[in-house]
$ cat protein35.txt   # compact mmCIF, C-alpha atoms (C1' of nucleotides)
# COMPACT_ATOMS: atom_id res chain seq x y z
CA MET A 213 178.79 64.53 -74.81
CA ARG A 214 177.91 61.33 -76.65
CA LYS A 215 176.38 59.67 -73.64
CA ALA A 216 174.00 62.56 -73.19
CA GLU A 217 172.44 62.10 -76.62
CA ARG A 218 171.98 58.38 -76.05
CA THR A 219 170.35 58.93 -72.67
CA LYS A 220 168.07 61.62 -74.04
CA GLN A 221 166.86 59.29 -76.77
CA PHE A 222 166.47 56.51 -74.23
CA ILE A 223 164.27 58.71 -72.05
CA ILE A 224 162.12 59.67 -75.02
CA GLU A 225 161.64 56.07 -76.06
CA LYS A 226 160.79 54.85 -72.58
CA SER A 227 158.48 57.79 -71.93
CA ALA A 228 156.60 57.52 -75.21
CA PRO A 229 154.24 54.68 -74.25
CA VAL A 230 153.62 56.28 -70.87
CA PHE A 231 152.54 59.63 -72.30
CA ASN A 232 150.61 57.96 -75.09
CA THR A 233 148.54 55.84 -72.73
CA LYS A 234 148.16 58.07 -69.68
CA GLY A 235 148.13 61.43 -71.42
CA ILE A 236 150.29 64.43 -70.63
CA ALA A 237 148.32 65.63 -67.63
CA GLY A 238 147.93 62.05 -66.43
CA THR A 239 151.66 61.34 -66.58
CA SER A 240 153.83 62.42 -63.64
CA MET A 241 157.56 62.83 -63.61
CA ASN A 242 157.58 59.93 -61.17
CA ASP A 243 156.08 57.79 -63.92
CA ILE A 244 158.96 58.86 -66.15
CA MET A 245 161.50 58.08 -63.45
CA GLU A 246 159.99 54.64 -63.07
CA ALA A 247 159.91 53.99 -66.82
CA THR A 248 163.51 55.08 -67.29
CA GLN A 249 164.90 53.95 -63.92
CA LEU A 250 166.56 57.33 -63.67
CA ALA A 251 166.43 59.83 -60.82
CA LYS A 252 164.89 63.26 -61.16
CA GLY A 253 168.18 64.99 -61.89
CA GLY A 254 168.98 62.49 -64.58
CA VAL A 255 165.81 63.29 -66.44
CA TYR A 256 165.84 67.04 -65.92
CA ARG A 257 169.40 67.30 -67.19
CA HIS A 258 168.10 66.42 -70.65
CA PHE A 259 164.68 68.12 -70.64
CA ALA A 260 163.80 71.52 -69.31
CA SER A 261 160.30 70.49 -68.27
CA LYS A 262 157.64 67.83 -68.54
CA GLU A 263 156.09 69.82 -71.36
CA ALA A 264 159.36 69.85 -73.30
CA LEU A 265 159.67 66.10 -72.88
CA SER A 266 156.08 65.53 -74.00
CA LEU A 267 156.72 67.53 -77.17
CA GLU A 268 159.78 65.46 -78.02
CA VAL A 269 157.82 62.31 -77.28
CA PHE A 270 155.13 63.32 -79.75
CA ASN A 271 157.79 64.09 -82.37
CA TYR A 272 159.30 60.69 -81.77
CA LEU A 273 156.00 58.82 -82.09
CA SER A 274 154.96 60.83 -85.13
CA ASN A 275 158.27 60.18 -86.88
CA LEU A 276 158.21 56.53 -85.89
CA MET A 277 154.90 56.08 -87.64
CA HIS A 278 155.91 58.16 -90.63
CA ASP A 279 159.19 56.32 -91.11
CA GLY A 280 157.42 53.01 -90.64
CA VAL A 281 155.08 53.77 -93.50
CA THR A 282 157.98 55.01 -95.59
CA GLY A 283 159.76 51.72 -95.08
CA ALA A 284 156.67 49.64 -95.72
CA VAL A 285 155.98 51.42 -98.99
CA ARG A 286 159.40 52.25 -100.40
CA GLU A 287 159.99 49.19 -102.54
CA ILE A 288 156.46 48.88 -103.84
CA PRO A 289 156.40 50.01 -107.49
CA THR A 290 152.71 50.76 -108.08
CA ALA A 291 150.56 53.50 -106.58
CA LYS A 292 147.82 51.04 -105.76
CA GLY A 293 150.37 48.83 -104.03
CA LYS A 294 151.67 51.77 -102.06
CA LEU A 295 148.18 52.67 -100.86
CA TYR A 296 147.55 49.08 -99.85
CA GLY A 297 150.90 48.89 -98.09
CA LEU A 298 150.20 52.10 -96.23
CA LEU A 299 146.76 50.93 -95.15
CA ASP A 300 148.09 47.54 -94.08
CA PHE A 301 150.76 49.23 -92.03
CA TYR A 302 148.18 51.29 -90.19
CA ASP A 303 146.04 48.21 -89.75
CA ASN A 304 148.73 46.15 -88.10
CA ARG A 305 151.10 48.35 -86.21
CA ILE A 306 149.03 50.74 -84.24
CA LEU A 307 146.58 49.26 -81.87
CA SER A 308 148.43 46.98 -79.54
CA LYS A 309 151.57 49.05 -79.55
CA TRP A 310 152.14 52.03 -77.24
CA GLY A 311 148.50 52.76 -76.63
CA GLY A 312 147.23 53.70 -80.05
CA CYS A 313 147.65 56.65 -82.37
CA ALA A 314 149.62 59.60 -81.03
CA ILE A 315 147.74 62.06 -83.23
CA LEU A 316 144.49 60.94 -81.66
CA ASN A 317 145.75 60.84 -78.08
CA PHE A 318 147.81 64.02 -78.04
CA GLY A 319 145.40 65.83 -80.38
CA ALA A 320 142.31 65.15 -78.29
CA GLU A 321 144.08 66.27 -75.13
CA ALA A 322 145.85 69.30 -76.53
CA ASP A 323 143.31 70.91 -78.81
CA ASP A 324 141.75 73.21 -76.24
CA THR A 325 144.62 73.73 -73.85
CA ASN A 326 148.05 73.33 -75.46
CA PRO A 327 148.70 75.48 -78.54
CA VAL A 328 152.30 74.32 -78.97
CA MET A 329 151.34 70.65 -79.04
CA LYS A 330 148.31 71.48 -81.15
CA GLU A 331 150.56 72.95 -83.82
CA LYS A 332 152.72 69.83 -83.80
CA VAL A 333 149.66 67.64 -84.22
CA ARG A 334 148.49 69.86 -87.03
CA ALA A 335 151.77 69.36 -88.86
CA ALA A 336 151.56 65.60 -88.34
CA ILE A 337 148.06 65.52 -89.82
CA HIS A 338 149.25 67.46 -92.84
CA ARG A 339 152.10 65.03 -93.40
CA PHE A 340 149.68 62.13 -93.07
CA LYS A 341 147.26 63.55 -95.63
CA ASN A 342 149.88 64.82 -98.03
CA ARG A 343 151.54 61.44 -98.29
CA ILE A 344 148.28 59.80 -99.31
CA SER A 345 147.24 62.43 -101.81
CA LYS A 346 150.73 62.42 -103.33
CA ILE A 347 150.53 58.67 -103.97
CA ILE A 348 147.18 59.16 -105.68
CA ILE A 349 148.39 62.06 -107.84
CA ASP A 350 151.47 60.06 -108.82
CA GLY A 351 149.19 57.19 -109.74
CA GLN A 352 147.11 59.47 -111.91
CA GLU A 353 150.18 60.83 -113.65
CA ASN A 354 151.49 57.38 -114.49
CA GLY A 355 148.09 56.20 -115.71
CA GLU A 356 147.18 53.87 -112.85
CA PHE A 357 144.28 55.89 -111.49
CA SER A 358 141.53 57.77 -113.27
CA LYS A 359 141.24 61.53 -112.99
CA ASP A 360 138.01 61.24 -111.01
CA PHE A 361 139.93 59.87 -108.02
CA ASP A 362 139.78 62.86 -105.70
CA ALA A 363 143.10 62.73 -103.84
CA GLU A 364 142.24 65.23 -101.12
CA ASN A 365 138.86 63.67 -100.42
CA TYR A 366 140.31 60.21 -100.17
CA ALA A 367 143.13 61.39 -97.92
CA ILE A 368 140.63 62.98 -95.57
CA LYS A 369 138.56 59.83 -95.61
CA VAL A 370 141.56 57.70 -94.73
CA PHE A 371 142.59 60.00 -91.93
CA THR A 372 139.16 60.36 -90.36
CA MET A 373 138.09 56.73 -90.71
CA TYR A 374 141.44 55.58 -89.44
CA GLU A 375 141.35 57.79 -86.35
CA GLY A 376 137.74 56.90 -85.67
CA GLY A 377 138.63 53.25 -86.26
CA VAL A 378 141.45 53.37 -83.74
CA LEU A 379 139.09 54.94 -81.22
CA ILE A 380 136.32 52.39 -81.63
CA SER A 381 138.70 49.44 -81.74
CA LYS A 382 140.37 50.51 -78.54
CA ILE A 383 137.12 51.20 -76.72
CA GLU A 384 135.62 47.92 -77.93
CA ASN A 385 138.86 46.04 -77.30
CA ASN A 386 138.47 44.63 -80.78
CA PRO A 387 140.97 45.24 -83.60
CA GLU A 388 138.44 43.89 -86.09
CA TYR A 389 136.77 47.28 -86.28
CA LEU A 390 139.93 48.91 -87.57
CA HIS A 391 140.57 45.93 -89.82
CA HIS A 392 137.09 46.29 -91.30
CA ILE A 393 137.59 50.00 -91.83
CA ILE A 394 140.87 49.41 -93.63
CA ALA A 395 139.07 46.91 -95.86
CA MET A 396 136.41 49.50 -96.69
CA LEU A 397 139.07 52.05 -97.54
CA LYS A 398 140.80 49.58 -99.85
CA LYS A 399 137.54 48.86 -101.62
CA GLU A 400 137.01 52.53 -102.33
CA ILE A 401 140.18 52.58 -104.38
CA GLU A 402 138.92 50.02 -106.89
CA PRO A 403 136.51 52.11 -108.96
CA HIS A 404 139.37 54.46 -109.83
CA ILE A 405 141.79 51.87 -111.11
CA LEU A 406 142.24 52.11 -114.89
CA MET B 16 115.74 67.59 -50.47
CA ARG B 17 114.64 69.32 -53.66
CA LYS B 18 117.40 71.91 -53.55
CA ALA B 19 119.99 69.16 -53.53
CA GLU B 20 118.87 67.74 -56.85
CA ARG B 21 118.90 71.16 -58.48
CA THR B 22 122.38 71.92 -57.20
CA LYS B 23 123.69 68.56 -58.29
CA GLN B 24 122.41 69.12 -61.81
CA PHE B 25 123.83 72.63 -61.75
CA ILE B 26 127.28 71.33 -60.84
CA ILE B 27 127.14 68.75 -63.63
CA GLU B 28 126.17 71.34 -66.21
CA LYS B 29 128.82 73.83 -65.16
CA SER B 30 131.51 71.15 -64.93
CA ALA B 31 130.75 69.57 -68.28
CA PRO B 32 132.59 72.07 -70.51
CA VAL B 33 135.52 72.09 -68.09
CA PHE B 34 136.02 68.33 -68.14
CA ASN B 35 135.35 68.17 -71.88
CA THR B 36 138.01 70.73 -72.72
CA LYS B 37 140.67 70.10 -70.06
CA GLY B 38 140.20 66.36 -69.65
CA ILE B 39 139.64 64.51 -66.40
CA ALA B 40 143.26 64.45 -65.27
CA GLY B 41 143.65 68.06 -66.40
CA THR B 42 140.67 69.28 -64.40
CA SER B 43 141.13 70.08 -60.73
CA MET B 44 138.43 70.43 -58.13
CA ASN B 45 139.46 74.07 -57.91
CA ASP B 46 138.41 74.40 -61.55
CA ILE B 47 135.05 72.94 -60.58
CA MET B 48 134.74 75.34 -57.63
CA GLU B 49 135.46 78.24 -59.94
CA ALA B 50 132.99 77.06 -62.57
CA THR B 51 130.23 76.52 -60.04
CA GLN B 52 131.14 79.28 -57.57
CA LEU B 53 130.68 76.76 -54.82
CA ALA B 54 133.06 75.88 -52.00
CA LYS B 55 134.69 72.49 -51.65
CA GLY B 56 132.11 71.11 -49.26
CA GLY B 57 129.29 72.24 -51.49
CA VAL B 58 130.58 70.13 -54.34
CA TYR B 59 131.57 67.11 -52.27
CA ARG B 60 128.15 66.96 -50.66
CA HIS B 61 126.76 65.90 -54.03
CA PHE B 62 129.60 63.83 -55.46
CA ALA B 63 131.76 61.32 -53.66
CA SER B 64 134.83 62.09 -55.74
CA LYS B 65 136.14 63.81 -58.83
CA GLU B 66 135.85 60.52 -60.66
CA ALA B 67 132.17 60.17 -59.73
CA LEU B 68 131.53 63.69 -60.99
CA SER B 69 133.37 63.03 -64.24
CA LEU B 70 131.23 59.96 -64.88
CA GLU B 71 128.03 61.92 -64.37
CA VAL B 72 129.39 64.66 -66.61
CA PHE B 73 129.98 62.17 -69.41
CA ASN B 74 126.46 60.79 -68.96
CA TYR B 75 125.10 64.31 -69.16
CA LEU B 76 127.00 65.20 -72.33
CA SER B 77 126.20 61.88 -73.97
CA ASN B 78 122.49 62.25 -73.23
CA LEU B 79 122.51 65.88 -74.30
CA MET B 80 123.78 64.87 -77.73
CA HIS B 81 121.48 61.89 -77.97
CA ASP B 82 118.41 63.88 -77.00
CA GLY B 83 119.43 66.67 -79.35
CA VAL B 84 119.46 64.28 -82.28
CA THR B 85 116.19 62.78 -81.13
CA GLY B 86 114.59 66.21 -81.18
CA ALA B 87 116.12 67.15 -84.50
CA VAL B 88 114.83 64.00 -86.15
CA ARG B 89 111.54 63.25 -84.46
CA GLU B 90 109.16 65.06 -86.79
CA ILE B 91 110.91 64.11 -90.00
CA PRO B 92 108.82 61.46 -91.76
CA THR B 93 111.32 59.88 -94.17
CA ALA B 94 114.38 57.78 -93.39
CA LYS B 95 116.50 59.81 -95.77
CA GLY B 96 115.32 62.98 -94.07
CA LYS B 97 116.15 61.53 -90.67
CA LEU B 98 119.67 60.67 -91.77
CA TYR B 99 120.15 64.15 -93.17
CA GLY B 100 118.74 65.71 -90.02
CA LEU B 101 121.04 63.63 -87.86
CA LEU B 102 124.09 64.52 -89.94
CA ASP B 103 123.19 68.21 -89.96
CA PHE B 104 122.83 68.14 -86.20
CA TYR B 105 126.29 66.71 -85.80
CA ASP B 106 127.61 69.23 -88.29
CA ASN B 107 126.29 72.25 -86.47
CA ARG B 108 126.14 71.60 -82.78
CA ILE B 109 129.40 70.04 -81.80
CA LEU B 110 132.48 71.98 -82.59
CA SER B 111 132.15 75.37 -81.03
CA LYS B 112 130.18 74.11 -78.07
CA TRP B 113 131.79 72.66 -74.94
CA GLY B 114 135.01 71.63 -76.56
CA GLY B 115 133.93 69.03 -79.05
CA CYS B 116 132.67 65.48 -78.89
CA ALA B 117 132.58 63.87 -75.45
CA ILE B 118 133.01 60.38 -76.90
CA LEU B 119 136.24 61.48 -78.52
CA ASN B 120 137.58 63.42 -75.55
CA PHE B 121 136.66 61.03 -72.77
CA GLY B 122 137.28 57.98 -74.93
CA ALA B 123 140.78 58.96 -75.94
CA GLU B 124 141.69 59.73 -72.35
CA ALA B 125 140.03 56.76 -70.70
CA ASP B 126 140.74 53.87 -73.03
CA ASP B 127 143.96 52.74 -71.40
CA THR B 128 143.46 53.89 -67.84
CA ASN B 129 139.83 54.12 -66.80
CA PRO B 130 137.75 50.97 -67.33
CA VAL B 131 134.59 52.44 -65.79
CA MET B 132 134.59 55.43 -68.10
CA LYS B 133 135.62 53.21 -70.99
CA GLU B 134 132.51 51.12 -70.53
CA LYS B 135 130.34 54.23 -70.53
CA VAL B 136 131.96 55.41 -73.76
CA ARG B 137 131.42 51.97 -75.23
CA ALA B 138 127.71 52.17 -74.48
CA ALA B 139 127.54 55.66 -76.00
CA ILE B 140 129.18 54.43 -79.21
CA HIS B 141 126.68 51.58 -79.43
CA ARG B 142 123.77 53.96 -79.04
CA PHE B 143 125.26 56.22 -81.71
CA LYS B 144 125.69 53.38 -84.20
CA ASN B 145 122.41 51.65 -83.42
CA ARG B 146 120.41 54.77 -84.05
CA ILE B 147 121.88 55.17 -87.51
CA SER B 148 121.51 51.55 -88.55
CA LYS B 149 117.95 51.50 -87.25
CA ILE B 150 117.01 54.44 -89.46
CA ILE B 151 118.49 52.63 -92.45
CA ILE B 152 116.74 49.35 -91.69
CA ASP B 153 113.45 51.20 -91.22
CA GLY B 154 114.04 52.88 -94.56
CA GLN B 155 114.60 49.53 -96.20
CA GLU B 156 111.44 48.11 -94.69
CA ASN B 157 109.30 50.98 -95.93
CA GLY B 158 110.84 50.86 -99.39
CA GLU B 159 112.94 54.02 -99.26
CA PHE B 160 116.33 52.34 -99.38
CA SER B 161 117.59 49.41 -101.39
CA LYS B 162 118.66 46.20 -99.70
CA ASP B 163 122.28 46.76 -100.68
CA PHE B 164 122.52 49.66 -98.23
CA ASP B 165 124.66 48.07 -95.53
CA ALA B 166 123.35 49.60 -92.34
CA GLU B 167 126.19 48.50 -90.07
CA ASN B 168 128.89 49.59 -92.51
CA TYR B 169 127.33 52.98 -92.99
CA ALA B 170 126.88 53.48 -89.25
CA ILE B 171 130.55 52.70 -88.69
CA LYS B 172 131.49 55.07 -91.46
CA VAL B 173 129.45 57.87 -89.96
CA PHE B 174 130.90 57.32 -86.53
CA THR B 175 134.52 57.09 -87.59
CA MET B 176 134.45 59.90 -90.14
CA TYR B 177 132.56 62.10 -87.73
CA GLU B 178 135.00 61.55 -84.88
CA GLY B 179 137.97 61.97 -87.19
CA GLY B 180 136.30 65.05 -88.61
CA VAL B 181 135.82 66.61 -85.20
CA LEU B 182 139.47 65.96 -84.45
CA ILE B 183 140.82 67.49 -87.63
CA SER B 184 138.45 70.44 -87.52
CA LYS B 185 139.46 71.26 -83.97
CA ILE B 186 143.16 70.90 -84.64
CA GLU B 187 142.91 72.94 -87.82
CA ASN B 188 140.58 75.47 -86.22
CA ASN B 189 138.35 75.05 -89.24
CA PRO B 190 134.80 73.69 -89.11
CA GLU B 191 134.84 73.29 -92.87
CA TYR B 192 136.57 69.93 -92.52
CA LEU B 193 133.68 68.50 -90.56
CA HIS B 194 131.22 70.19 -92.88
CA HIS B 195 132.91 68.59 -95.87
CA ILE B 196 132.87 65.18 -94.19
CA ILE B 197 129.17 65.47 -93.46
CA ALA B 198 128.62 66.32 -97.13
CA MET B 199 130.54 63.20 -98.19
CA LEU B 200 128.47 61.08 -95.85
CA LYS B 201 125.25 62.49 -97.28
CA LYS B 202 126.43 61.74 -100.80
CA GLU B 203 127.01 58.13 -99.91
CA ILE B 204 123.35 57.71 -99.12
CA GLU B 205 122.21 58.59 -102.65
CA PRO B 206 123.05 55.37 -104.54
CA HIS B 207 120.80 53.45 -102.16
CA ILE B 208 117.70 55.57 -102.56
CA LEU B 209 114.98 53.76 -104.50
C1' DC C 81 195.76 56.83 -65.78
C1' DC C 82 194.58 61.24 -64.28
C1' DA C 83 192.35 65.55 -64.26
C1' DA C 84 188.53 68.03 -66.06
C1' DA C 85 183.99 67.86 -67.56
C1' DA C 86 179.76 65.84 -67.99
C1' DA C 87 176.00 62.99 -66.21
C1' DG C 88 173.17 61.24 -62.64
C1' DA C 89 171.47 60.91 -57.70
C1' DG C 90 168.27 62.23 -54.46
C1' DA C 91 167.09 65.40 -50.68
C1' DC C 92 164.44 69.36 -50.75
C1' DC C 93 161.17 73.22 -52.17
C1' DG C 94 156.74 75.61 -52.45
C1' DA C 95 152.54 74.84 -54.88
C1' DT C 96 148.75 72.28 -55.76
C1' DC C 97 146.28 68.02 -55.56
C1' DA C 98 141.80 65.45 -53.89
C1' DT C 99 139.44 64.97 -49.87
C1' DT C 100 137.60 65.69 -44.95
C1' DC C 101 135.03 67.81 -41.33
C1' DA C 102 133.47 70.96 -37.71
C1' DC C 103 130.81 74.71 -38.27
C1' DT C 104 127.40 78.29 -40.20
C1' DT C 105 123.67 79.31 -43.14
C1' DT C 106 119.67 78.15 -45.65
C1' DT C 107 115.77 75.43 -46.59
C1' DT C 108 112.11 72.54 -45.29
C1' DT C 109 108.54 70.91 -42.37
C1' DA C 110 105.14 71.04 -38.90
C1' DT D 249 107.50 80.93 -37.15
C1' DA D 250 110.31 77.88 -34.73
C1' DA D 251 112.68 73.68 -34.62
C1' DA D 252 114.78 70.16 -37.34
C1' DA D 253 117.07 68.89 -41.32
C1' DA D 254 119.60 69.80 -45.19
C1' DA D 255 122.96 72.38 -47.74
C1' DG D 256 127.07 75.03 -48.14
C1' DT D 257 131.51 77.06 -46.08
C1' DG D 258 136.34 77.08 -45.76
C1' DA D 259 140.28 75.87 -42.95
C1' DA D 260 143.07 71.91 -42.50
C1' DT D 261 145.17 67.36 -44.05
C1' DG D 262 148.58 64.45 -46.02
C1' DA D 263 149.98 63.10 -50.54
C1' DT D 264 151.85 64.25 -54.71
C1' DC D 265 152.91 67.58 -58.12
C1' DG D 266 156.78 69.77 -61.21
C1' DG D 267 161.08 71.53 -60.60
C1' DT D 268 165.81 72.89 -58.25
C1' DC D 269 170.27 72.27 -56.48
C1' DT D 270 174.18 70.35 -54.25
C1' DC D 271 176.85 66.58 -54.27
C1' DT D 272 178.67 62.07 -56.02
C1' DT D 273 179.72 59.13 -59.83
C1' DT D 274 180.86 58.28 -64.46
C1' DT D 275 182.59 59.47 -68.75
C1' DT D 276 185.81 61.71 -71.62
C1' DG D 277 190.14 63.49 -73.67
C1' DG D 278 194.97 64.06 -73.27

$ encode --input "protein35.txt" --output "structure tokens"
Amino acid sequence: MRKAERTKQFIIEKSAPVFNTKGIAGTSMNDIMEATQLAKGGVYRHFASKEALSLEVFNYLSNLMHDGVTGAVREIPTAKGKLYGLLDFYDNRILSKWGGCAILNFGAEADDTNPVMKEKVRAAIHRFKNRISKIIIDGQENGEFSKDFDAENYAIKVFTMYEGGVLISKIENNPEYLHHIIAMLKKEIEPHIL
Amino acid sequence: MRKAERTKQFIIEKSAPVFNTKGIAGTSMNDIMEATQLAKGGVYRHFASKEALSLEVFNYLSNLMHDGVTGAVREIPTAKGKLYGLLDFYDNRILSKWGGCAILNFGAEADDTNPVMKEKVRAAIHRFKNRISKIIIDGQENGEFSKDFDAENYAIKVFTMYEGGVLISKIENNPEYLHHIIAMLKKEIEPHIL
DNA sequence: CCAAAAAGAGACCGATCATTCACTTTTTTA
DNA sequence: TAAAAAAGTGAATGATCGGTCTCTTTTTGG
């Protein structure tokens, strides 16, 4: 019973970069067998279907990113520092690893065809935005940021510019685009610092 | 010989929303047969492969958007008006029609797996950005905009926030997100108006 | 260390995939 | 309008798809 859980996690981790780069429709169970070096039966014992596996893979990637930000930000005392830490994390960790942002990849594929995945992506976007706006509101409450810092607007800006930045950086094969976008987002914090 | 060209265009137009919503890997030639009401041979007479068709579909969608903006902007005399017209076009025409932005859909699918498509998306992004920065530079030359209006930065902002806005609006099933983003982008023009 | 239970292997299934091609129908040209 | 050329049909192909199931191997608990 313990082995099963380890193997299941192993399959998710090995499958994640495959789904994230090739897409759900573009990934075959043979790709998963190759990535895990398991036979069909070994994979299907732990997942009822390719769709079920893809959903767990998205959960895994979404949590990986979320927990990564949590770790990168936890010990920073100021709200401004937390925002910078969060933005730096997104700047550094995404592009070269695992084929980019899972929200972008799974979201763009699923939006018109896969309501279950779409709902998962929706929840991930909410978590993304809420974390940013919470940092800003905390910063306002402790006197770091002025009241004219619109938390929701800024959160949306970060999300959209980040996703667009991942897209353009990947298509252009140039991480400088995302780096530049992160720099712009940092600069927009400044006017609201008290 | 004339019929062939008409049929080819017909296939492209009918296939475009299918590819744009289901993705390339997610679209089968049976889907194309259903959309066009043609038999296999009737499609393959005009396109060597599914991949060839998908490339022409992306060209079609990219040009459709580009020409749409051109038309929406042509008779507007001022640079500010042109920027507003362009932004309004993107606000209104994309979401409900054909499954969203082709650059986003094809780009997110192709970036890691399809170098030919990737190059086409790259060219489309360049055209998108260049049009915006050209309007700004023209506006600076005719005295509408101040010199501190960074054309390249603003073009990148429009692209990234727009693509991110399409993504979030589609996932949330709410065009207000994109509408709000367009409003933010308009507001950012104001400080640079002379 | 052994028996029971769990995990993994891999042949096999029908469906569907992209693509081909001999043939019929339609369009074009003279 | 008739012959030639072009366009469209649809059955057939082999590969690959996701998924199943029986059997072997490994792990687990006593």

$ interface_residues --input "protein35.txt" --of "chain C" --to "chain A" --cutoff "9 Å" --atoms "only C-alpha atoms (C1' of nucleotides)" --output "PDB file with C-alpha atoms (C1' of nucleotides), keeping the file's coordinate frame"
ATOM      1  C1'  DA C  86     179.760  65.840 -67.990  1.00  0.00           C
ATOM      2  C1'  DA C  87     176.000  62.990 -66.210  1.00  0.00           C
ATOM      3  C1'  DG C  88     173.170  61.240 -62.640  1.00  0.00           C
ATOM      4  C1'  DA C  89     171.470  60.910 -57.700  1.00  0.00           C
ATOM      5  C1'  DG C  90     168.270  62.230 -54.460  1.00  0.00           C
TER       6       DG C  90
END

$ interface_residues --input "protein35.txt" --of "chain D" --to "chain B" --cutoff "12 Å" --atoms "all atoms listed in the file" --output "list in words"
DA253, DA254, DA255, DG256, DT257, DG258 and DA259 of chain D

$ residues_around --input "protein35.txt" --residues "Glu364 (chain A)" --least-positions-apart "4" --cutoff "9 Å" --atoms "all atoms listed in the file" --output "PyMOL selection string"
chain A and resi 341-342+344-345+368-369

$ atom_distance --input "protein35.txt" --atom1 "CA of Val88 (chain B)" --atom2 "CA of Lys29 (chain B)"
27.1 Å

$ axis_aligned_box --input "protein35.txt" --around "region 140-148 of chain B" --padding-each-side "8 Å" --output "AutoDock Vina command-line options"
--center_x 124.8 --center_y 53.9 --center_z -83.8 --size_x 24.8 --size_y 20.7 --size_z 25.5

$ interface_residues --input "protein35.txt" --of "chain B" --to "chain A" --cutoff "6 Å" --atoms "all atoms listed in the file" --output "VMD selection string"
chain B and resid 36 40 to 41 120 123 126 to 127 137 175 to 176 178 to 180 186

$ write_last_selection --input "protein35.txt" --atoms "C-alpha atoms" --output "PDB file, in the coordinates of the input"
ATOM      1  CA  THR B  36     138.010  70.730 -72.720  1.00  0.00           C
ATOM      2  CA  ALA B  40     143.260  64.450 -65.270  1.00  0.00           C
ATOM      3  CA  GLY B  41     143.650  68.060 -66.400  1.00  0.00           C
ATOM      4  CA  ASN B 120     137.580  63.420 -75.550  1.00  0.00           C
ATOM      5  CA  ALA B 123     140.780  58.960 -75.940  1.00  0.00           C
ATOM      6  CA  ASP B 126     140.740  53.870 -73.030  1.00  0.00           C
ATOM      7  CA  ASP B 127     143.960  52.740 -71.400  1.00  0.00           C
ATOM      8  CA  ARG B 137     131.420  51.970 -75.230  1.00  0.00           C
ATOM      9  CA  THR B 175     134.520  57.090 -87.590  1.00  0.00           C
ATOM     10  CA  MET B 176     134.450  59.900 -90.140  1.00  0.00           C
ATOM     11  CA  GLU B 178     135.000  61.550 -84.880  1.00  0.00           C
ATOM     12  CA  GLY B 179     137.970  61.970 -87.190  1.00  0.00           C
ATOM     13  CA  GLY B 180     136.300  65.050 -88.610  1.00  0.00           C
ATOM     14  CA  ILE B 186     143.160  70.900 -84.640  1.00  0.00           C
TER      15      ILE B 186
END

$ residues_around --input "protein35.txt" --residues "Arg305 (chain A)" --least-positions-apart "3" --cutoff "12 Å" --atoms "all atoms listed in the file" --output "list of chain:residue names"
A:Leu276, A:Met277, A:His278, A:Gly280, A:Val281, A:Ala284, A:Gly297, A:Leu298, A:Leu299, A:Asp300, A:Phe301, A:Tyr302, A:Ser308, A:Lys309, A:Trp310, A:Gly311, A:Gly312, A:Cys313, A:Val378, A:Pro387, A:Leu390, A:His391

$ write_last_selection --input "protein35.txt" --atoms "C-alpha atoms" --output "PDB file, keeping the file's coordinate frame"
ATOM      1  CA  LEU A 276     158.210  56.530 -85.890  1.00  0.00           C
ATOM      2  CA  MET A 277     154.900  56.080 -87.640  1.00  0.00           C
ATOM      3  CA  HIS A 278     155.910  58.160 -90.630  1.00  0.00           C
ATOM      4  CA  GLY A 280     157.420  53.010 -90.640  1.00  0.00           C
ATOM      5  CA  VAL A 281     155.080  53.770 -93.500  1.00  0.00           C
ATOM      6  CA  ALA A 284     156.670  49.640 -95.720  1.00  0.00           C
ATOM      7  CA  GLY A 297     150.900  48.890 -98.090  1.00  0.00           C
ATOM      8  CA  LEU A 298     150.200  52.100 -96.230  1.00  0.00           C
ATOM      9  CA  LEU A 299     146.760  50.930 -95.150  1.00  0.00           C
ATOM     10  CA  ASP A 300     148.090  47.540 -94.080  1.00  0.00           C
ATOM     11  CA  PHE A 301     150.760  49.230 -92.030  1.00  0.00           C
ATOM     12  CA  TYR A 302     148.180  51.290 -90.190  1.00  0.00           C
ATOM     13  CA  SER A 308     148.430  46.980 -79.540  1.00  0.00           C
ATOM     14  CA  LYS A 309     151.570  49.050 -79.550  1.00  0.00           C
ATOM     15  CA  TRP A 310     152.140  52.030 -77.240  1.00  0.00           C
ATOM     16  CA  GLY A 311     148.500  52.760 -76.630  1.00  0.00           C
ATOM     17  CA  GLY A 312     147.230  53.700 -80.050  1.00  0.00           C
ATOM     18  CA  CYS A 313     147.650  56.650 -82.370  1.00  0.00           C
ATOM     19  CA  VAL A 378     141.450  53.370 -83.740  1.00  0.00           C
ATOM     20  CA  PRO A 387     140.970  45.240 -83.600  1.00  0.00           C
ATOM     21  CA  LEU A 390     139.930  48.910 -87.570  1.00  0.00           C
ATOM     22  CA  HIS A 391     140.570  45.930 -89.820  1.00  0.00           C
TER      23      HIS A 391
END

$ residues_near_point --input "protein35.txt" --point "(147.2, 71.6, -56.2)" --cutoff "9 Å" --atoms "all atoms listed in the file" --output "ChimeraX atom specification"
/B:43,45 /C:95-98 /D:264-265

$ residues_around --input "protein35.txt" --residues "DC93 (chain C)" --least-positions-apart "5" --cutoff "12 Å" --atoms "only C-alpha atoms (C1' of nucleotides)" --output "list in words"
DC265, DG266, DG267, DT268 and DC269 of chain D

$ residues_near_point --input "protein35.txt" --point "(160.7, 62.5, -73.1)" --cutoff "8 Å" --atoms "all atoms listed in the file" --output "ChimeraX atom specification"
/A:220-221,223-228,259,262,264-269

$ atom_distance --input "protein35.txt" --atom1 "CA of Ile47 (chain B)" --atom2 "CA of Ser261 (chain A)"
26.5 Å
